[in-house]
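What follows is a short report on a single structure.
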Amino acid sequence: MNRRVATALSPLILALAASGGARAAPKVEDTMAQRVLACTGCHGPEGRAASDGYYPRIAGKPAGYLYNQLVSFRDGRRQYTLMGNLLAPLTDDYLRDIAAHFAQLELPYPPPPPATAGADVLARGETLVTKGDAALGVPACIQCHGAALMGVTPSVPALIGMPRDYLNAQLGAWRTGGRHAMAPDCMAEVANKLAQSDITAISQWLGAQTVPAGAKPASALPAPLPVPCGGVPGSPK
Amino acid sequence: MMRARLGRVITTLIAIGAVLAALIAWLNLRGEDAVTGAEPDLAAPELIARGAYLARAGNCMGCHTERGGVAYAGGRGVPTPFGTVVAPNLTPDAEHGLGRWSAAEFWRALHNGRSRDGRLLYPAFPYPNYTRVTRADSDALFAYLRSLPPSNRANDAHTLRFPFDRQVALAVWRALYFRPAQPENDTSRSAEWNRGAYLVEGLGHCNACHASRNALGATTSPLDLAGGLIPVQNWYAPSLASKLEAGVADWSDAHVVALLKTGVSARGAVMGPMGEVVSGSTQHLNDADLRAMAVYLKALPPPPEEAAKLAALAASAAAAASAASAASAASSSASTAASSTAGAKLYDRHCAACHGDQGEGVPGTYPALAASRAVTIPMPANLVHIVLEGGFPPATADNPRPYGMPPFATVLSNDEVAQLLTHIRGSWGNEAGAVSAFDVTKYRASGGR
């Protein structure tokens, strides 16, 4: 290095070294975003989902759905030790605030990873999602989750923009009894009518769908729910 | 000849056995009142209200409610080294709850650890503490429980290993470790201290966690609050008597009250199982009772070895300070070496944004890690739990939206957690022992809810 340049830069280098030794005290804001850093450690910055393909996106999901999931983790209907322990000391009111915080975030979705299954599997997945299977008694996903599959406020979640492995694990967990929702547990009923190969097909197809820019949950169901769901307000019991 | 001698030996053994059995039976029955006496007016609103308050003081609901279940309908398992004891239904259901119980039978359960049908109760139900509760308070509790909506939730059986599943084993345990007691009034102490003692030693059953247990799961005395590892959960409930752990002798009453009322205070925050105690119990107690508990806890005698340990710590801190100033005068090589360690790097990356570059924390929001007893405590169990599982202090009426810490179980390996904790325990004036990857492995596998 040119000696004159080095001499000229040395005060700057010294200043940088000094600031490294005594950085400012942590900056803490009295906001929900600050409070829920406990969540975004796994669910990605601002709840946009992490890159590991398992922890689901929570940003922009319907508030009622997020609230139901938080309560279910705390009360044991959904089983994941880290979530159960973390939420154990929190009240319904606070869980409602946390759900509302993530629900109101409008953040872009990254492009989905390409599907890893063949065309026949993806075709079966698309059929189940958009048309269901009358022979199995399985309604189409879009009947409850909205034509755009972005969910329906306040309580039905989006199915696209989710990691494939997460979708696969949830449908599997409903079949094996590892995940429960408020009774009547409609998703348990649906998942139990699906074969493992159907679950793979649905996850593969959904996991490869691109979320259009600005997509949001629908504000109303297109028609009455085909299956009664305990977590959805106004659902037949 | 031989046969006669053998006969004598057998006869002697039988006689000894009979005497022991009689002794155990007598030890199990002493101090038991007849289950008779005037029944209180269970419908009296003030009795029910007082019972509701006392049920909070004892956190009865904490065990007698299944996770996500109907309040007081039972079903939560208390894990012990001997198996799991399941708390029963306390609602007034006639078949599964207390619907057919009398106040006298309830008192016998609380005071003597014997159920309505005469069976001995497992001390996971902390009757070694509740035996100190007055009959009047027992009646109030009973009136409150009888006022609840009945639930027909059937009780689950305990899952205890042989021989701990036998009443005989329980009788032997009780003969060794259980004595019915009365609330005591120490006239040499203030009324406030006595009230605090009644709450801490009795309904509060603080020593159920804050004391060590022997091989048979017994604590020595409700007065022992010297700290202990909670069986199975493997959280360490620190000593409430020692300044080196969670003792409050040099705290103000107000700080103790704030901690129990809100879960946070200027001197520290609660995490882990104590969060459940604050949210289910102490936040609901009135300030007078919390202050009484503070007065009692502040007056606990320090452990005998504490003065020597404190003096040694002060001496070594002074030596470290003079060494550090000498080193910084010469060069900053020591601090450069320290900051380049793996633990320091992990700290900067994952922790410093909230806990500060120098472990200074943010008052009331993120705990300081410098000069923190929670950090330097000899048993690192809680530190491992907190790093792996993260957590929130309890959401309470006065601190409804606490700040949380993320879990690092999926981010950091056991080696990294050990490096990180060793760094924190040895920096900014902290002088606690290193944490090994083995310690982390041991605690990673426990504590699930």
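Each chain in the structure tokens gets a letter, A, B, ..., in the order shown, and its residues are numbered from 1; ligands are numbered from 1 in order too.
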
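Considering only segment 211-295 of chain B, backbone DSSP assigns strand (DSSP E) to Gly228, Leu229, Tyr236, Ala237, Val264, Ser265, Gly268 and Ala269 of chain B.
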
Write the selection just made, keeping N, CA and C atoms, as a compact mmCIF listing (two decimals), in the first residue's frame?
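Result file is part_26.txt:
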```txt
# COMPACT_ATOMS: atom_id res chain seq x y z
N GLY B 228 -32.28 -26.93 44.65
CA GLY B 228 -32.24 -28.32 44.21
C GLY B 228 -32.57 -28.43 42.74
N LEU B 229 -32.12 -29.53 42.16
CA LEU B 229 -32.42 -29.80 40.76
C LEU B 229 -33.80 -30.45 40.71
N TYR B 236 -32.79 -26.17 37.58
CA TYR B 236 -32.28 -26.02 38.94
C TYR B 236 -33.05 -24.90 39.63
N ALA B 237 -33.75 -25.24 40.70
CA ALA B 237 -34.44 -24.23 41.50
C ALA B 237 -33.43 -23.69 42.50
N VAL B 264 -41.02 -9.88 36.53
CA VAL B 264 -39.76 -9.16 36.30
C VAL B 264 -39.57 -8.14 37.41
N SER B 265 -38.32 -7.80 37.67
CA SER B 265 -38.03 -6.76 38.64
C SER B 265 -36.69 -6.16 38.26
N GLY B 268 -33.99 -8.82 38.53
CA GLY B 268 -33.97 -10.08 37.78
C GLY B 268 -35.35 -10.44 37.28
N ALA B 269 -35.42 -11.46 36.43
CA ALA B 269 -36.69 -11.92 35.88
C ALA B 269 -36.81 -13.42 36.14
```

Exercise for the section: Write out as number ranges by chain each polymer residue whose atoms come within 12 Å of Ser197 of chain A, counting only C-alpha atoms; drop sequence neighbours fewer than 3 positions from it. Expected result: A: 117, 120-122, 124-125, 128, 168, 171-172, 191, 193-194, 200-204

Residue subset to file, keeping C-alpha atoms, as a short mmCIF file (atom, residue, chain, number, x, y, z; two decimals), in the first residue's frame:
```
data_model
loop_
_atom_site.label_atom_id
_atom_site.label_comp_id
_atom_site.auth_asym_id
_atom_site.auth_seq_id
_atom_site.Cartn_x
_atom_site.Cartn_y
_atom_site.Cartn_z
CA ALA A 117 -41.73 -35.22 -8.37
CA ASP A 120 -48.05 -37.67 -13.06
CA VAL A 121 -47.59 -36.97 -9.34
CA LEU A 122 -48.00 -33.22 -9.89
CA ARG A 124 -52.64 -35.91 -9.18
CA GLY A 125 -51.74 -33.15 -6.73
CA LEU A 128 -56.86 -33.08 -5.51
CA ASN A 168 -46.13 -32.96 4.01
CA LEU A 171 -50.91 -33.69 6.60
CA GLY A 172 -49.01 -36.70 7.90
CA ALA A 191 -56.21 -36.20 5.88
CA LYS A 193 -59.09 -40.17 3.69
CA LEU A 194 -55.87 -39.52 1.79
CA THR A 200 -46.99 -36.36 -1.32
CA ALA A 201 -48.74 -35.27 -4.52
CA ILE A 202 -50.57 -32.40 -2.80
CA SER A 203 -47.41 -31.17 -1.03
CA GLN A 204 -45.36 -31.39 -4.21
#
```

Practice task
Excluding Ala223 of chain A and any residue of its chain fewer than 6 positions from it, enumerate the residues within 10 Å of it, using only C-alpha atoms, and give them as number ranges by chain.
Solution key: A: 143-144, 146

Practice task
For atom CA of Val387 of chain B and atom CA of Thr441 of chain B, quote the distance in Å rounded to one decimal.
Solution key: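 Taking atom CA of Val387 of chain B and atom CA of Thr441 of chain B, their separation equals 12.7 Å.
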
Find the nearest atom pair between each residue of chain B and chain A for residues within 9 Å, count only C-alpha atoms, give distances in Å to one decimal, sort rows by chain and ascending number, and present the table as CSV.
```
residue,atom,partner,partner_atom,distance
B:Glu66,CA,A:Asp75,CA,8.8
B:Arg67,CA,A:Asp75,CA,5.2
B:Gly68,CA,A:Asp75,CA,4.0
B:Gly69,CA,A:Asp75,CA,7.8
B:Gly272,CA,A:Asn85,CA,8.5
B:Gly275,CA,A:Pro89,CA,6.3
B:Glu276,CA,A:Pro89,CA,6.2
B:Ser279,CA,A:Pro89,CA,6.9
B:Ala352,CA,A:Pro26,CA,7.5
B:Ala353,CA,A:Pro26,CA,5.6
B:Cys354,CA,A:Pro26,CA,5.6
B:His355,CA,A:Pro26,CA,7.0
B:Gly356,CA,A:Pro26,CA,5.3
B:Asp357,CA,A:Arg23,CA,7.1
B:Gln358,CA,A:Ala22,CA,8.8
B:Glu360,CA,A:Ala25,CA,7.9
B:Gly361,CA,A:Pro26,CA,7.4
B:Val362,CA,A:Pro26,CA,7.1
B:Thr365,CA,A:Val28,CA,8.4
B:Leu388,CA,A:Leu82,CA,8.8
B:Glu389,CA,A:Leu82,CA,6.0
B:Gly390,CA,A:Leu86,CA,6.7
B:Gly391,CA,A:Leu86,CA,4.8
B:Phe392,CA,A:Leu86,CA,6.5
B:Pro393,CA,A:Pro89,CA,6.9
B:Pro394,CA,A:Pro89,CA,4.5
B:Ala395,CA,A:Leu90,CA,5.0
B:Thr396,CA,A:Thr91,CA,7.9
B:Pro400,CA,A:Tyr94,CA,6.8
B:Arg401,CA,A:Tyr94,CA,6.1
B:Pro402,CA,A:Arg35,CA,6.8
B:Tyr403,CA,A:Arg35,CA,4.3
B:Gly404,CA,A:Ala38,CA,4.9
B:Met405,CA,A:Ala38,CA,4.4
B:Pro406,CA,A:Ala38,CA,3.6
B:Pro407,CA,A:Ala38,CA,7.1
B:Phe408,CA,A:Gly41,CA,8.0
B:Ala409,CA,A:Leu82,CA,8.4
B:Thr410,CA,A:Cys42,CA,8.2
B:Val411,CA,A:Cys42,CA,8.7
B:Gly447,CA,A:Asn85,CA,8.7
B:Gly448,CA,A:Thr81,CA,5.8
B:Arg449,CA,A:Asn85,CA,6.0
```

Once you have the residues from the selection above, write them out as a PDB file, in the first residue's frame, restricted to C-alpha atoms.
```
ATOM      1  CA  GLU B  66     -54.368 -31.043  32.221  1.00  0.00           C
ATOM      2  CA  ARG B  67     -52.601 -28.903  29.631  1.00  0.00           C
ATOM      3  CA  GLY B  68     -55.412 -27.197  27.733  1.00  0.00           C
ATOM      4  CA  GLY B  69     -57.974 -29.041  29.859  1.00  0.00           C
ATOM      5  CA  GLY B 272     -38.709 -21.717  33.214  1.00  0.00           C
ATOM      6  CA  GLY B 275     -42.770 -18.572  35.292  1.00  0.00           C
ATOM      7  CA  GLU B 276     -45.592 -21.018  35.798  1.00  0.00           C
ATOM      8  CA  SER B 279     -48.553 -16.783  36.327  1.00  0.00           C
ATOM      9  CA  ALA B 352     -25.068  -9.117  21.745  1.00  0.00           C
ATOM     10  CA  ALA B 353     -27.898  -7.398  19.858  1.00  0.00           C
ATOM     11  CA  CYS B 354     -30.136  -7.800  22.924  1.00  0.00           C
ATOM     12  CA  HIS B 355     -27.805  -8.557  25.857  1.00  0.00           C
ATOM     13  CA  GLY B 356     -25.209  -5.932  24.846  1.00  0.00           C
ATOM     14  CA  ASP B 357     -21.538  -6.121  23.837  1.00  0.00           C
ATOM     15  CA  GLN B 358     -20.495  -6.181  27.470  1.00  0.00           C
ATOM     16  CA  GLU B 360     -24.992  -5.168  30.116  1.00  0.00           C
ATOM     17  CA  GLY B 361     -28.542  -6.031  28.956  1.00  0.00           C
ATOM     18  CA  VAL B 362     -31.427  -3.590  28.805  1.00  0.00           C
ATOM     19  CA  THR B 365     -36.355  -5.898  28.999  1.00  0.00           C
ATOM     20  CA  LEU B 388     -31.661 -24.206  23.854  1.00  0.00           C
ATOM     21  CA  GLU B 389     -35.331 -23.423  24.454  1.00  0.00           C
ATOM     22  CA  GLY B 390     -35.422 -19.634  24.660  1.00  0.00           C
ATOM     23  CA  GLY B 391     -38.474 -18.363  26.462  1.00  0.00           C
ATOM     24  CA  PHE B 392     -40.625 -15.549  27.685  1.00  0.00           C
ATOM     25  CA  PRO B 393     -41.034 -14.352  31.236  1.00  0.00           C
ATOM     26  CA  PRO B 394     -44.669 -14.995  32.204  1.00  0.00           C
ATOM     27  CA  ALA B 395     -47.295 -12.656  30.761  1.00  0.00           C
ATOM     28  CA  THR B 396     -48.898 -11.143  33.860  1.00  0.00           C
ATOM     29  CA  PRO B 400     -48.812  -8.353  29.827  1.00  0.00           C
ATOM     30  CA  ARG B 401     -46.486  -8.349  26.822  1.00  0.00           C
ATOM     31  CA  PRO B 402     -43.028  -9.567  27.887  1.00  0.00           C
ATOM     32  CA  TYR B 403     -40.053  -9.627  25.501  1.00  0.00           C
ATOM     33  CA  GLY B 404     -38.948 -13.095  24.412  1.00  0.00           C
ATOM     34  CA  MET B 405     -35.753 -14.927  23.565  1.00  0.00           C
ATOM     35  CA  PRO B 406     -35.599 -17.339  20.615  1.00  0.00           C
ATOM     36  CA  PRO B 407     -34.661 -21.002  21.081  1.00  0.00           C
ATOM     37  CA  PHE B 408     -31.216 -21.954  19.769  1.00  0.00           C
ATOM     38  CA  ALA B 409     -31.713 -25.731  19.913  1.00  0.00           C
ATOM     39  CA  THR B 410     -31.911 -25.921  16.138  1.00  0.00           C
ATOM     40  CA  VAL B 411     -29.137 -23.377  15.558  1.00  0.00           C
ATOM     41  CA  GLY B 447     -37.324 -30.342  30.149  1.00  0.00           C
ATOM     42  CA  GLY B 448     -39.932 -31.038  27.484  1.00  0.00           C
ATOM     43  CA  ARG B 449     -43.435 -29.948  28.198  1.00  0.00           C
TER      44      ARG B 449
END
```

What's the 7 Å shell around segment 246-260 of chain B, counting only C-alpha atoms, without same-chain residues fewer than 3 positions away, as a PDB file with N, CA and C atoms, in the first residue's frame?
```pdb
ATOM      1  N   PRO B 238     -32.950 -22.455  42.319  1.00  0.00           N
ATOM      2  CA  PRO B 238     -31.800 -21.998  43.091  1.00  0.00           C
ATOM      3  C   PRO B 238     -32.119 -21.807  44.566  1.00  0.00           C
ATOM      4  N   SER B 239     -31.066 -21.757  45.348  1.00  0.00           N
ATOM      5  CA  SER B 239     -31.216 -21.509  46.783  1.00  0.00           C
ATOM      6  C   SER B 239     -31.870 -20.156  47.005  1.00  0.00           C
ATOM      7  N   LEU B 240     -32.870 -20.131  47.899  1.00  0.00           N
ATOM      8  CA  LEU B 240     -33.505 -18.858  48.255  1.00  0.00           C
ATOM      9  C   LEU B 240     -32.837 -18.252  49.477  1.00  0.00           C
ATOM     10  N   ALA B 241     -31.826 -18.968  50.007  1.00  0.00           N
ATOM     11  CA  ALA B 241     -31.146 -18.487  51.213  1.00  0.00           C
ATOM     12  C   ALA B 241     -29.785 -17.880  50.900  1.00  0.00           C
ATOM     13  N   SER B 242     -29.223 -18.238  49.746  1.00  0.00           N
ATOM     14  CA  SER B 242     -27.840 -17.836  49.465  1.00  0.00           C
ATOM     15  C   SER B 242     -27.769 -16.634  48.538  1.00  0.00           C
ATOM     16  N   LYS B 243     -26.944 -15.672  48.920  1.00  0.00           N
ATOM     17  CA  LYS B 243     -26.699 -14.500  48.062  1.00  0.00           C
ATOM     18  C   LYS B 243     -26.033 -14.900  46.757  1.00  0.00           C
ATOM     19  N   GLY B 263     -43.316 -11.014  37.460  1.00  0.00           N
ATOM     20  CA  GLY B 263     -42.374 -11.896  36.768  1.00  0.00           C
ATOM     21  C   GLY B 263     -41.056 -11.217  36.439  1.00  0.00           C
ATOM     22  N   VAL B 264     -41.018  -9.878  36.527  1.00  0.00           N
ATOM     23  CA  VAL B 264     -39.764  -9.161  36.296  1.00  0.00           C
ATOM     24  C   VAL B 264     -39.569  -8.142  37.414  1.00  0.00           C
ATOM     25  N   SER B 265     -38.317  -7.803  37.670  1.00  0.00           N
ATOM     26  CA  SER B 265     -38.034  -6.756  38.643  1.00  0.00           C
ATOM     27  C   SER B 265     -36.694  -6.160  38.262  1.00  0.00           C
ATOM     28  N   ALA B 266     -36.343  -5.066  38.938  1.00  0.00           N
ATOM     29  CA  ALA B 266     -35.061  -4.426  38.643  1.00  0.00           C
ATOM     30  C   ALA B 266     -33.891  -5.355  38.945  1.00  0.00           C
ATOM     31  N   ARG B 267     -34.123  -6.396  39.765  1.00  0.00           N
ATOM     32  CA  ARG B 267     -33.021  -7.275  40.152  1.00  0.00           C
ATOM     33  C   ARG B 267     -32.990  -8.584  39.371  1.00  0.00           C
ATOM     34  N   ALA B 269     -35.416 -11.458  36.435  1.00  0.00           N
ATOM     35  CA  ALA B 269     -36.690 -11.924  35.882  1.00  0.00           C
ATOM     36  C   ALA B 269     -36.808 -13.425  36.138  1.00  0.00           C
ATOM     37  N   VAL B 278     -45.380 -17.944  38.924  1.00  0.00           N
ATOM     38  CA  VAL B 278     -45.812 -16.541  38.943  1.00  0.00           C
ATOM     39  C   VAL B 278     -47.155 -16.391  38.234  1.00  0.00           C
ATOM     40  N   THR B 282     -48.409 -16.585  42.241  1.00  0.00           N
ATOM     41  CA  THR B 282     -48.037 -15.405  43.024  1.00  0.00           C
ATOM     42  C   THR B 282     -48.573 -14.090  42.450  1.00  0.00           C
ATOM     43  N   GLN B 283     -48.787 -14.005  41.131  1.00  0.00           N
ATOM     44  CA  GLN B 283     -49.305 -12.733  40.602  1.00  0.00           C
ATOM     45  C   GLN B 283     -50.705 -12.442  41.136  1.00  0.00           C
ATOM     46  N   LEU B 290     -47.552 -10.872  49.600  1.00  0.00           N
ATOM     47  CA  LEU B 290     -46.260 -10.933  48.897  1.00  0.00           C
ATOM     48  C   LEU B 290     -45.167 -10.289  49.736  1.00  0.00           C
ATOM     49  N   ARG B 291     -45.518  -9.184  50.406  1.00  0.00           N
ATOM     50  CA  ARG B 291     -44.535  -8.531  51.267  1.00  0.00           C
ATOM     51  C   ARG B 291     -44.160  -9.446  52.440  1.00  0.00           C
ATOM     52  N   ALA B 294     -41.772 -11.828  51.252  1.00  0.00           N
ATOM     53  CA  ALA B 294     -40.467 -11.170  51.101  1.00  0.00           C
ATOM     54  C   ALA B 294     -39.759 -11.069  52.444  1.00  0.00           C
ATOM     55  N   VAL B 295     -40.501 -10.652  53.471  1.00  0.00           N
ATOM     56  CA  VAL B 295     -39.904 -10.508  54.806  1.00  0.00           C
ATOM     57  C   VAL B 295     -39.341 -11.848  55.274  1.00  0.00           C
ATOM     58  N   LEU B 297     -38.484 -14.506  53.371  1.00  0.00           N
ATOM     59  CA  LEU B 297     -37.370 -14.970  52.526  1.00  0.00           C
ATOM     60  C   LEU B 297     -36.094 -14.182  52.812  1.00  0.00           C
ATOM     61  N   LYS B 298     -36.266 -12.886  53.068  1.00  0.00           N
ATOM     62  CA  LYS B 298     -35.086 -12.054  53.345  1.00  0.00           C
ATOM     63  C   LYS B 298     -34.410 -12.441  54.663  1.00  0.00           C
ATOM     64  N   ALA B 299     -35.188 -13.045  55.565  1.00  0.00           N
ATOM     65  CA  ALA B 299     -34.642 -13.397  56.881  1.00  0.00           C
ATOM     66  C   ALA B 299     -34.110 -14.824  56.931  1.00  0.00           C
TER      67      ALA B 299
END
```

Completion exercise
One decimal place gives the atom CA of Ala315 of chain B-atom CA of Ala432 of chain B separation as 14.5 Å

Exercise for the section: Do a neighbour search on Leu54 of chain B at 7 Å with only C-alpha atoms, toss out local chain neighbours closer than 4 positions, and write the hits as a list in words. Expected result: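 What passes the distance filter is Arg50, Gly58 and Leu141 of chain B.
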
Output file for the selection above: C-alpha atoms, as a PDB file, in the first residue's frame:
```pdb
ATOM      1  CA  ARG B  50     -61.182 -16.911  50.479  1.00  0.00           C
ATOM      2  CA  GLY B  58     -51.140 -23.168  46.606  1.00  0.00           C
ATOM      3  CA  LEU B 141     -60.353 -24.351  49.961  1.00  0.00           C
TER       4      LEU B 141
END
```

Practice task
Would you please extract all helix (DSSP H, G or I) residues from segment 80-152 of chain A, as assigned by DSSP on the backbone, and give them as JSON, numbers by chain?
Solution key: {"A": [81, 82, 83, 84, 85, 86, 87, 92, 93, 94, 95, 96, 97, 98, 99, 100, 101, 102, 103, 119, 120, 121, 122, 123, 124, 125, 126, 127, 128, 129, 130, 142, 143, 144, 145]}

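Separating atom CA of Thr80 of chain B from atom CA of Tyr122 of chain B is a distance of 10.9 Å.
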
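Distances to Val78 of chain B were evaluated for B:Ala371, B:Ile230, B:Ala342, B:Ala154 using only C-alpha atoms, and the minimum falls at B:Ile230.
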
Exercise for the section: Show which residues sit within 9 Å of segment 212-215 of chain A, as a ChimeraX atom specification. Count only C-alpha atoms, and ignore same-chain residues fewer than 5 positions away. Expected result: /A:106-109,148,150

With only C-alpha atoms as the counted atoms, please give the residues lying no more than 9 Å from segment 100-113 of chain B, apart from itself and same-chain residues fewer than 4 positions off, as a CSV table (one decimal) with N, CA and C atoms, in the first residue's frame.
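Printed below is out-v6.csv as written:
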```csv
chain,number,residue,atom,x,y,z
B,28,ASN,N,-48.0,-44.1,60.6
B,28,ASN,CA,-48.8,-43.6,59.5
B,28,ASN,C,-50.2,-43.0,60.1
B,29,LEU,N,-50.5,-43.4,61.3
B,29,LEU,CA,-51.9,-43.0,61.8
B,29,LEU,C,-51.8,-41.9,62.8
B,30,ARG,N,-50.6,-41.7,63.3
B,30,ARG,CA,-50.5,-40.7,64.4
B,30,ARG,C,-50.9,-39.3,63.9
B,31,GLY,N,-51.5,-38.5,64.8
B,31,GLY,CA,-51.9,-37.2,64.4
B,31,GLY,C,-53.1,-37.1,63.5
B,32,GLU,N,-53.8,-38.2,63.3
B,32,GLU,CA,-55.0,-38.2,62.5
B,32,GLU,C,-56.2,-38.0,63.4
B,33,ASP,N,-57.0,-37.0,63.0
B,33,ASP,CA,-58.2,-36.7,63.7
B,33,ASP,C,-59.3,-37.7,63.1
B,34,ALA,N,-60.3,-37.9,63.9
B,34,ALA,CA,-61.5,-38.6,63.3
B,34,ALA,C,-62.1,-37.7,62.3
B,35,VAL,N,-62.6,-38.4,61.2
B,35,VAL,CA,-63.2,-37.6,60.1
B,35,VAL,C,-64.6,-37.2,60.4
B,36,THR,N,-64.8,-36.5,61.5
B,36,THR,CA,-66.1,-36.0,61.9
B,36,THR,C,-66.0,-34.5,62.2
B,37,GLY,N,-67.0,-34.0,62.8
B,37,GLY,CA,-67.0,-32.6,63.1
B,37,GLY,C,-67.9,-31.8,62.3
B,38,ALA,N,-68.1,-30.6,62.7
B,38,ALA,CA,-69.1,-29.7,62.1
B,38,ALA,C,-68.7,-29.4,60.7
B,39,GLU,N,-69.6,-29.5,59.7
B,39,GLU,CA,-69.3,-29.1,58.3
B,39,GLU,C,-69.5,-27.6,58.2
B,40,PRO,N,-68.6,-27.0,57.5
B,40,PRO,CA,-68.8,-25.5,57.3
B,40,PRO,C,-69.9,-25.3,56.3
B,42,LEU,N,-70.8,-24.5,53.1
B,42,LEU,CA,-70.1,-24.5,51.9
B,42,LEU,C,-70.6,-23.4,50.9
B,92,PRO,N,-66.5,-30.8,41.8
B,92,PRO,CA,-67.4,-31.5,42.6
B,92,PRO,C,-68.2,-32.7,42.0
B,93,ASP,N,-67.6,-33.3,40.9
B,93,ASP,CA,-68.3,-34.4,40.3
B,93,ASP,C,-68.3,-35.6,41.3
B,94,ALA,N,-69.5,-36.2,41.4
B,94,ALA,CA,-69.7,-37.2,42.5
B,94,ALA,C,-68.8,-38.5,42.2
B,95,GLU,N,-68.7,-38.9,41.0
B,95,GLU,CA,-68.0,-40.1,40.7
B,95,GLU,C,-66.5,-39.9,40.6
B,119,ARG,N,-56.9,-44.7,51.4
B,119,ARG,CA,-55.6,-44.9,50.8
B,119,ARG,C,-54.6,-43.8,51.1
B,120,LEU,N,-53.3,-44.1,51.2
B,120,LEU,CA,-52.3,-43.1,51.4
B,120,LEU,C,-52.0,-42.4,50.1
B,121,LEU,N,-51.7,-41.1,50.2
B,121,LEU,CA,-51.5,-40.3,49.0
B,121,LEU,C,-50.0,-40.2,48.7
B,122,TYR,N,-49.7,-40.0,47.4
B,122,TYR,CA,-48.3,-39.8,47.1
B,122,TYR,C,-47.9,-38.4,47.4
B,123,PRO,N,-46.7,-38.2,47.9
B,123,PRO,CA,-46.3,-36.8,48.3
B,123,PRO,C,-45.9,-35.9,47.2
B,125,PHE,N,-48.3,-34.8,45.7
B,125,PHE,CA,-49.3,-33.9,46.3
B,125,PHE,C,-48.6,-33.4,47.5
B,126,PRO,N,-48.2,-32.1,47.6
B,126,PRO,CA,-47.2,-31.7,48.6
B,126,PRO,C,-47.8,-31.6,50.0
B,127,TYR,N,-48.4,-32.7,50.5
B,127,TYR,CA,-49.0,-32.6,51.9
B,127,TYR,C,-47.9,-32.5,53.0
B,128,PRO,N,-46.7,-32.9,52.7
B,128,PRO,CA,-45.7,-32.5,53.7
B,128,PRO,C,-45.6,-31.0,54.0
B,129,ASN,N,-46.0,-30.2,53.0
B,129,ASN,CA,-46.2,-28.8,53.2
B,129,ASN,C,-47.6,-28.4,53.7
B,130,TYR,N,-48.6,-29.0,53.0
B,130,TYR,CA,-50.0,-28.6,53.3
B,130,TYR,C,-50.4,-29.0,54.7
B,131,THR,N,-49.7,-29.9,55.3
B,131,THR,CA,-50.0,-30.3,56.7
B,131,THR,C,-49.9,-29.1,57.6
B,132,ARG,N,-49.2,-28.1,57.2
B,132,ARG,CA,-49.2,-26.9,58.0
B,132,ARG,C,-50.3,-25.9,57.8
B,133,VAL,N,-51.2,-26.2,56.9
B,133,VAL,CA,-52.3,-25.3,56.6
B,133,VAL,C,-53.4,-25.5,57.7
B,134,THR,N,-54.0,-24.4,58.1
B,134,THR,CA,-55.0,-24.4,59.2
B,134,THR,C,-56.3,-25.1,58.7
B,135,ARG,N,-57.1,-25.6,59.7
B,135,ARG,CA,-58.3,-26.3,59.3
B,135,ARG,C,-59.3,-25.2,58.7
B,138,SER,N,-58.3,-24.9,55.2
B,138,SER,CA,-58.7,-26.1,54.5
B,138,SER,C,-60.2,-26.1,54.1
B,139,ASP,N,-61.0,-25.7,55.1
B,139,ASP,CA,-62.4,-25.6,54.8
B,139,ASP,C,-62.8,-24.6,53.7
B,142,PHE,N,-61.9,-26.1,50.5
B,142,PHE,CA,-62.9,-27.1,50.1
B,142,PHE,C,-64.2,-26.5,49.6
B,143,ALA,N,-64.6,-25.4,50.3
B,143,ALA,CA,-65.8,-24.7,49.8
B,143,ALA,C,-65.6,-24.2,48.4
B,178,PHE,N,-42.6,-38.4,56.9
B,178,PHE,CA,-43.7,-37.5,57.0
B,178,PHE,C,-44.2,-37.4,58.5
B,179,ARG,N,-44.3,-36.2,58.9
B,179,ARG,CA,-44.9,-35.9,60.2
B,179,ARG,C,-46.0,-34.9,60.1
B,180,PRO,N,-47.2,-35.2,60.5
B,180,PRO,CA,-48.2,-34.2,60.5
B,180,PRO,C,-47.8,-33.0,61.4
B,181,ALA,N,-48.1,-31.8,60.9
B,181,ALA,CA,-47.6,-30.6,61.7
B,181,ALA,C,-48.7,-29.6,61.8
B,182,GLN,N,-48.5,-28.6,62.6
B,182,GLN,CA,-49.4,-27.5,62.8
B,182,GLN,C,-48.8,-26.2,62.4
```

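The shortest atom-to-atom distance to Ala220 of chain A, with only C-alpha atoms taken into account, belongs to A:Pro154 out of A:Pro154, A:Met182, A:Leu206, A:Ala188.
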